[in-house]
Amino acid sequence: MAKYDKKRINELIEGTLEFYQLKEMMSSHKDPERFELYREVLQDRVSWDDPILLPYGLHLYIVQKANGDRIVKCDCGHEFCDYKENWKLHARIFVRDTEEKMNEIYPKLMSPDPEWQVIREYYCPNCAAQLEVEAVPPWYPIILDFEPDIDTFYKEWIKKPLPKA
Amino acid sequence: MARSQILAIDAGGTMTDTFIIDEKGDFVVGKAQTTPLDEHIGLLNSAKDALSQWNAKVEDEFPNLLAGVYSGTAMLNRLVSRVGRRVGLVVNRGMEDNHRMGRGLQSFLGYSYSDKIHINTHHFDSPLVPRKWTVGVTERVDLFGNVVIPLYEHEVEPAIQKLIDEDVEAIVISLLHSYKYPAHERKVRDIAEQIVKKANKDIKVFATVDYYPVRKESHRTNTTIVEAYAAEPSRQTLANIDTALREAGTNFDLRIMASHGGTISIKANELARTCVSGPIGGMVGAKYLAEKLGLKNVACSDIGGTSFDIGLITQGELSINTSPDMARLVLSLPLVAMDTTGAGTGSFVRIDPNYGNITLGPDSAGSRVGVCNPGGGIDTVTVSDCHVVLGLINPDNFIGGVIKLSKEKAYEAVKKQIADPLGLSVEDAAYGVIELLESQLRNYLESMILGKGYSPSQYVCFSYGGGGPLHTAGYTKGLGFEEVLIPAWAAGFSAFGCGAADFEYRYDKTLDINVAEKAEDSDILLAGKELQGAWDELKKKVTEEFKKNDYAPEEVDFRLLYRMQYQGQLNDLEIEAPISAFHSVDDWESLIKTFEETYARVYARAALSPELGYSITGAIVRGVVEVAKPQIPEEPIYGETPPADALAGYRQIYWNGEFLPAKIYEMEKLMPGNRIQAFSILESTATTLVVPLGFEAYLDEHRIFHLKEMK
């Protein structure tokens with residue numbers, strides 16, 4: 001069975017693996033320890049100590065606070081809100097809804113018509129990292145990424161105790 | 001004292017193996033380090049090593065050799081590791097990105113089934129010719145061969161000059177539909193050659209029509225690029241080997257194994273087809289053996305360390321795949337058709353963590369055998385480990401004792417990784433793995449034969465390769481083959497095959513000749529003229545090739561073939577022409593008749609659809625000249641009882657729920673006529689034949705075992 005060390009998983013997250021290494025990992029059965037290992041590597045990469053329960057995006061995590069709260073946190077340390085709320089409502093939002101704004105990132109005439117589709121970019125108010133982008137019709141409500149059932153996931157899926165703060 | 005007859009060379013990336021076959025069919029295998037810069041040094045060392053086993057010397061034995069066949073991996077390695085020549089490519093203006101984009105399926109060629117349907121694993125390798133060395137010239141020919149846009153000759157010079165400025169070492173020209181209208185490509189070629197000459201450069205120019213005038217643009221372009229990129233650089237290496245062999249006393253024309261199942265001269269025009277020669281050696285050997293034994297239909301099966309290869313010989317002929325792939329490129333080379341599944345004796349055995357069942361492969365430990373090989377560095381159980389646990393292979397006599405295997409290590413690994421998680425005893429788990437492997441192979445074999453429209457009962461099954469005979473009984477059980485044959489020299493069968501290959505050229509050309517069901521005579525004669533024209537052109541090519549080795553056209557046995565289909569259908573059939581030349585309407589009738597007979601055999605009589613009309617899609621010419629081939633052993637028949645000294649002892653084995661004492665025979669000491677009852681294990685240096693319960697083996701006068709299922 002495939003088995004990897006923290007170094008390899010860190011390279012996977014960094015995106016520095018060669019394609020043949022990635023291919024080998026994708027073609028093998030998933031290593032049973034992967035989630036734990038991945039969580040630990042993520043934990044090592046952030047500067048704060050709140051235990052990570054789940055990764056929630058490229059820069060976001062659901063973390064356990066000592067008072068029992070579970071909140072969405074950016075890797076810079078900025079805390080958004082409870083994980084059951086939509087963190088996007090607390091982010092800086094930039095909406096590309098004109099041709100001029102579209103043309104900043106697309107060649108002319110190759111972007112969506114802003115009357116039909118806009119691009120919403122979400123940024124961290126603290127570190128300004130781009131956290132998420134969604135392409136939706138202009139009237140569309142802000143999308144909620146997902147609402148994980150963390151307790152069931154730990155108890156019944158991976159059968160591991162929850163990390164404690 | 002043996003007299004050497006045939007030399008077969010297999011130059012791998014690290015080791016060069018030489019097989020020297022004597023007049024009785026016995027052979028010795030020599031090994032030496034490959035010397036990539038001067039391959040002939042490694043080759044001569046390897047031959048020395050081989051002959052030392054006969055206490056013979058190169059200088060004494062080399063003059064006896066009647067033939068020598070080379071196969072090597074240097075070209076393939078050049079392709080796979082992208083270290084070929086700097087090749088420039090000339091294509092239609094506007095098509096410059098086609099080569100680097102490549103065919104979609106090239107992103108998953110060579111993948112296991114599970115990866116093929118897992119799109120994240122798909123990946124395009126870097127192109128052989130980068131975009132910056134690709135230039136376009138304006139011209140357009142449509143699919144019927146009509147000139148839609150004439151060649152803009154004034155664009156050729158700046159395009160070629162750009163490539164010369166980029167310092168390319170070869171130039172390939174591939175224009176759309178050039179196989180239908182070669183004039184433009186040839187014009188570009190001629191202009192390019194002039195410019196190269198004027199610039200005083202040594203740059204060879206390759207036009208696809210001079211090499212592979214066949215349909216399918218990506219295939220044709222890729223193949224011609226491979227010719228320039230990987231094959232042409234081998235020419236000098238081959239010439240050096242030939243010289244070195246002659247200096248060592250040989251007196252034969254060195255030949256190379258080629259993908260179409262014949263061997264060609266090192267001076268041949270098209271060398272790219274020698275890139276893929278390795279696995280077909282066995283098929284060629286089987287064809288030769290089948291001819292000698294008078295067998296028409298043979299199913300060949302070969303288990304090595306990493307894969308199970310099967311191929312069919314039908315009506316005495318190998319079937320040919322005209323657009324195979326290699327090194328993850330689609331090509332238009334004729335390749336002996338074989339089907340391969342990634343299940344061999346080195347295949348890894350795992351428990352699927354999601355479903356809890358045993359999975360085999362697709363990856364394997366290859367030559368590192370398994371956990372049982374202490375020096376192999378393998379942690380995952382392989383099929384070989386299960387063999388060791390069951391007692392089917394002798395851990396102290398693996399490859400003649402070269403590698404000592406550890407039964408304890410195998411036992412521990414199978415227990416921990418397979419038996420304990422499944423709640424089985426170690427022996428039952430190992431037996432289960434073998435049963436699973438054999439039933440997979442059996443299903444595969446059966447489906448390949450049935451899928452081609454035939455039935456196993458029409459075929460004799462040949463089994464060879466290092467791991468084949470161990471499982472032959474298991475994977476042929478119940479399939480109802482006419483007979484199951486295992487040559488006693490099974491492990492060296494591939495080399496035997498190389499030695500047994502014909503000296504043969506084969507050239508293909510695409511045609512599009514459409515003739516209605518009840519066509520006018522004038523249409524038929526026109527079609528026949530075009531077909532005959534193509535045959536003549538190809539015959540000329542073959543004659544030219546043989547001339548390089550001083551064979552006169554009269555010495556060449558020409559065979560004409562054609563590809564035909566019903567108009568509008570997708571698959572054509574390759575058929576040997578029943579005529580020696582096209583003269584009249586009667587000849588057309590016999591082409592049709594032969595096509596329909598083949599069609600009815602492959603598909604069904606009820607599927608004949610003459611109302612659609614006929615298409616001839618290709619012409620093929622094969623030319624063969626006589627060369628020396630290895631002898632098949634012929635020995636007097638002794639009695640049915642094996643001689644006492646052949647019995648090496650008994651070993652406890654585990655089979656289907658019980659421990660049994662198995663008789664261990666030394667394969668070499670068994671005599672023709674001997675009948676070997678179950679449960680027996682016949683051991684030789686590089687192969688093991690298992691005669692399990694319900695089977696019996698008979699050794700005939702050619703030293704071929706007949707494995708019979710007792711009913």
# chains A, B, ... in the order shown; residues from 1 in each chain; ligands from 1
$ interface_residues --of "chain A" --to "chain B" --cutoff "9 Å" --atoms "only C-alpha atoms" --output "PyMOL selection string"
chain A and resi 1+19+22-24+26-27+29-32
$ write_last_selection --atoms "N, CA and C atoms" --output "PDB file, in the first residue's frame"
ATOM      1  N   MET A   1       0.843  -1.198   0.000  1.00  0.00           N
ATOM      2  CA  MET A   1       0.000   0.000   0.000  1.00  0.00           C
ATOM      3  C   MET A   1       0.876   1.244   0.000  1.00  0.00           C
ATOM      4  N   PHE A  19       5.555  15.450 -12.710  1.00  0.00           N
ATOM      5  CA  PHE A  19       4.295  14.816 -13.099  1.00  0.00           C
ATOM      6  C   PHE A  19       4.309  13.305 -12.868  1.00  0.00           C
ATOM      7  N   LEU A  22       3.349  12.591  -9.356  1.00  0.00           N
ATOM      8  CA  LEU A  22       1.929  12.813  -9.146  1.00  0.00           C
ATOM      9  C   LEU A  22       1.113  11.671  -9.737  1.00  0.00           C
ATOM     10  N   LYS A  23       1.524  11.266 -10.948  1.00  0.00           N
ATOM     11  CA  LYS A  23       0.806  10.204 -11.647  1.00  0.00           C
ATOM     12  C   LYS A  23       0.827   8.932 -10.810  1.00  0.00           C
ATOM     13  N   GLU A  24       1.991   8.635 -10.262  1.00  0.00           N
ATOM     14  CA  GLU A  24       2.126   7.434  -9.443  1.00  0.00           C
ATOM     15  C   GLU A  24       1.187   7.512  -8.240  1.00  0.00           C
ATOM     16  N   MET A  26      -1.583   9.288  -8.033  1.00  0.00           N
ATOM     17  CA  MET A  26      -2.978   9.212  -8.479  1.00  0.00           C
ATOM     18  C   MET A  26      -3.369   7.794  -8.866  1.00  0.00           C
ATOM     19  N   SER A  27      -2.413   7.039  -9.395  1.00  0.00           N
ATOM     20  CA  SER A  27      -2.725   5.696  -9.876  1.00  0.00           C
ATOM     21  C   SER A  27      -2.773   4.662  -8.761  1.00  0.00           C
ATOM     22  N   HIS A  29      -3.767   3.119  -4.916  1.00  0.00           N
ATOM     23  CA  HIS A  29      -4.850   3.261  -3.939  1.00  0.00           C
ATOM     24  C   HIS A  29      -4.448   4.362  -2.975  1.00  0.00           C
ATOM     25  N   LYS A  30      -5.430   5.107  -2.480  1.00  0.00           N
ATOM     26  CA  LYS A  30      -5.080   6.190  -1.569  1.00  0.00           C
ATOM     27  C   LYS A  30      -4.517   5.610  -0.276  1.00  0.00           C
ATOM     28  N   ASP A  31      -3.426   6.213   0.197  1.00  0.00           N
ATOM     29  CA  ASP A  31      -2.820   5.760   1.437  1.00  0.00           C
ATOM     30  C   ASP A  31      -3.773   6.032   2.594  1.00  0.00           C
ATOM     31  N   PRO A  32      -4.001   5.057   3.459  1.00  0.00           N
ATOM     32  CA  PRO A  32      -5.003   5.221   4.514  1.00  0.00           C
ATOM     33  C   PRO A  32      -4.698   6.391   5.453  1.00  0.00           C
TER      34      PRO A  32
END
$ residues_around --residues "Met671 of chain B" --least-positions-apart "4" --cutoff "10 Å" --atoms "only C-alpha atoms" --output "list in words"
Glu635, Pro636, Ile637, Tyr638, Gly639, Glu640, Thr641, Pro642, Pro643, Ala646, Met667, Arg675, Tyr698, Leu699, Asp700, Glu701 and Arg703 of chain B
$ atom_distance --atom1 "atom CA of Ala2 of chain A" --atom2 "atom CA of Ser28 of chain A"
6.7 Å
$ select_by_dssp --residues "segment 10-100 of chain A" --states "strand (DSSP E)" --output "count of residues only"
23
$ residues_around --residues "Gly42 of chain B" --least-positions-apart "2" --cutoff "12 Å" --atoms "only C-alpha atoms" --output "JSON, numbers by chain"
{"B": [9, 10, 11, 12, 13, 14, 15, 16, 17, 18, 30, 31, 32, 33, 34, 35, 36, 37, 38, 39, 40, 44, 45, 46, 47, 48, 49, 241, 244, 245]}
$ closest_residue --among "A:Asn10, A:Thr152, A:Gln130, A:Asn103" --to "Asp44 of chain A" --atoms "only C-alpha atoms"
A:Asn10
$ residues_around --residues "Glu574 of chain B" --least-positions-apart "5" --cutoff "9 Å" --atoms "only C-alpha atoms" --output "number ranges by chain"
B: 319-320, 561-564, 595, 618, 620
$ atom_distance --atom1 "atom CA of Leu331 of chain B" --atom2 "atom CA of Gln106 of chain B"
10.7 Å
$ residues_around --residues "Asp502 of chain B" --least-positions-apart "2" --cutoff "6 Å" --atoms "only C-alpha atoms" --output "count of residues only"
3
$ residues_around --residues "Asp508 of chain B" --least-positions-apart "5" --cutoff "10 Å" --atoms "only C-alpha atoms" --output "list in words"
Tyr211, Tyr212, Pro213, Val214, Thr322, Ser332, Leu333, Pro334, Ala534, Trp535, Leu538, Leu561, Tyr562, Arg563, Gly618, Ala619, Ile620, Val621 and Arg622 of chain B
$ write_last_selection --atoms "N, CA and C atoms" --output "mmCIF file, in the first residue's frame"
data_model
loop_
_atom_site.group_PDB
_atom_site.id
_atom_site.type_symbol
_atom_site.label_atom_id
_atom_site.label_comp_id
_atom_site.auth_asym_id
_atom_site.auth_seq_id
_atom_site.Cartn_x
_atom_site.Cartn_y
_atom_site.Cartn_z
ATOM 1 N N TYR B 211 8.511 7.448 -47.185
ATOM 2 C CA TYR B 211 8.624 6.460 -46.112
ATOM 3 C C TYR B 211 7.300 5.759 -45.832
ATOM 4 N N TYR B 212 6.294 6.543 -45.511
ATOM 5 C CA TYR B 212 5.030 5.935 -45.083
ATOM 6 C C TYR B 212 3.869 6.586 -45.824
ATOM 7 N N PRO B 213 3.660 6.245 -47.105
ATOM 8 C CA PRO B 213 2.593 6.895 -47.871
ATOM 9 C C PRO B 213 1.230 6.349 -47.481
ATOM 10 N N VAL B 214 0.852 6.578 -46.250
ATOM 11 C CA VAL B 214 -0.403 6.006 -45.756
ATOM 12 C C VAL B 214 -1.268 7.058 -45.074
ATOM 13 N N THR B 322 -1.832 -2.094 -38.325
ATOM 14 C CA THR B 322 -1.148 -1.105 -39.157
ATOM 15 C C THR B 322 -1.049 0.265 -38.506
ATOM 16 N N SER B 332 2.290 4.795 -37.915
ATOM 17 C CA SER B 332 1.787 3.960 -39.004
ATOM 18 C C SER B 332 2.857 2.978 -39.438
ATOM 19 N N LEU B 333 3.128 2.038 -38.562
ATOM 20 C CA LEU B 333 4.062 0.958 -38.873
ATOM 21 C C LEU B 333 3.275 -0.331 -38.844
ATOM 22 N N PRO B 334 3.637 -1.306 -39.670
ATOM 23 C CA PRO B 334 2.987 -2.602 -39.516
ATOM 24 C C PRO B 334 3.599 -3.316 -38.308
ATOM 25 N N ALA B 534 0.191 0.228 -57.724
ATOM 26 C CA ALA B 534 0.686 0.338 -56.350
ATOM 27 C C ALA B 534 1.582 -0.854 -56.019
ATOM 28 N N TRP B 535 1.159 -2.042 -56.435
ATOM 29 C CA TRP B 535 1.983 -3.237 -56.176
ATOM 30 C C TRP B 535 3.356 -3.102 -56.852
ATOM 31 N N LEU B 538 5.564 -0.727 -54.934
ATOM 32 C CA LEU B 538 6.065 -1.309 -53.681
ATOM 33 C C LEU B 538 7.091 -2.410 -53.958
ATOM 34 N N LEU B 561 -0.404 -8.387 -51.168
ATOM 35 C CA LEU B 561 -1.567 -8.363 -50.296
ATOM 36 C C LEU B 561 -2.384 -7.117 -50.593
ATOM 37 N N TYR B 562 -3.644 -7.154 -50.206
ATOM 38 C CA TYR B 562 -4.475 -5.964 -50.361
ATOM 39 C C TYR B 562 -5.372 -5.829 -49.149
ATOM 40 N N ARG B 563 -5.810 -4.625 -48.922
ATOM 41 C CA ARG B 563 -6.764 -4.375 -47.842
ATOM 42 C C ARG B 563 -8.087 -3.992 -48.487
ATOM 43 N N GLY B 618 -5.831 -0.433 -49.442
ATOM 44 C CA GLY B 618 -4.375 -0.447 -49.354
ATOM 45 C C GLY B 618 -3.768 -1.569 -50.151
ATOM 46 N N ALA B 619 -2.517 -1.345 -50.548
ATOM 47 C CA ALA B 619 -1.749 -2.397 -51.217
ATOM 48 C C ALA B 619 -0.522 -2.665 -50.359
ATOM 49 N N ILE B 620 -0.124 -3.912 -50.301
ATOM 50 C CA ILE B 620 1.020 -4.310 -49.487
ATOM 51 C C ILE B 620 1.855 -5.284 -50.295
ATOM 52 N N VAL B 621 3.169 -5.136 -50.192
ATOM 53 C CA VAL B 621 4.039 -6.129 -50.804
ATOM 54 C C VAL B 621 5.006 -6.636 -49.751
ATOM 55 N N ARG B 622 5.123 -7.973 -49.686
ATOM 56 C CA ARG B 622 6.122 -8.584 -48.811
ATOM 57 C C ARG B 622 7.095 -9.340 -49.694
#
$ atom_distance --atom1 "atom CA of Tyr551 of chain B" --atom2 "atom CA of Thr223 of chain B"
27.6 Å
$ closest_residue --among "A:Asp50, A:Leu89, A:Met110, A:Phe80" --to "Asn67 of chain A" --atoms "only C-alpha atoms"
A:Asp50
$ residues_around --residues "Gln569 of chain B" --least-positions-apart "2" --cutoff "10 Å" --atoms "only C-alpha atoms" --output "NGL selection string"
:B and (565-567 or 571-572 or 609 or 612 or 614-615)
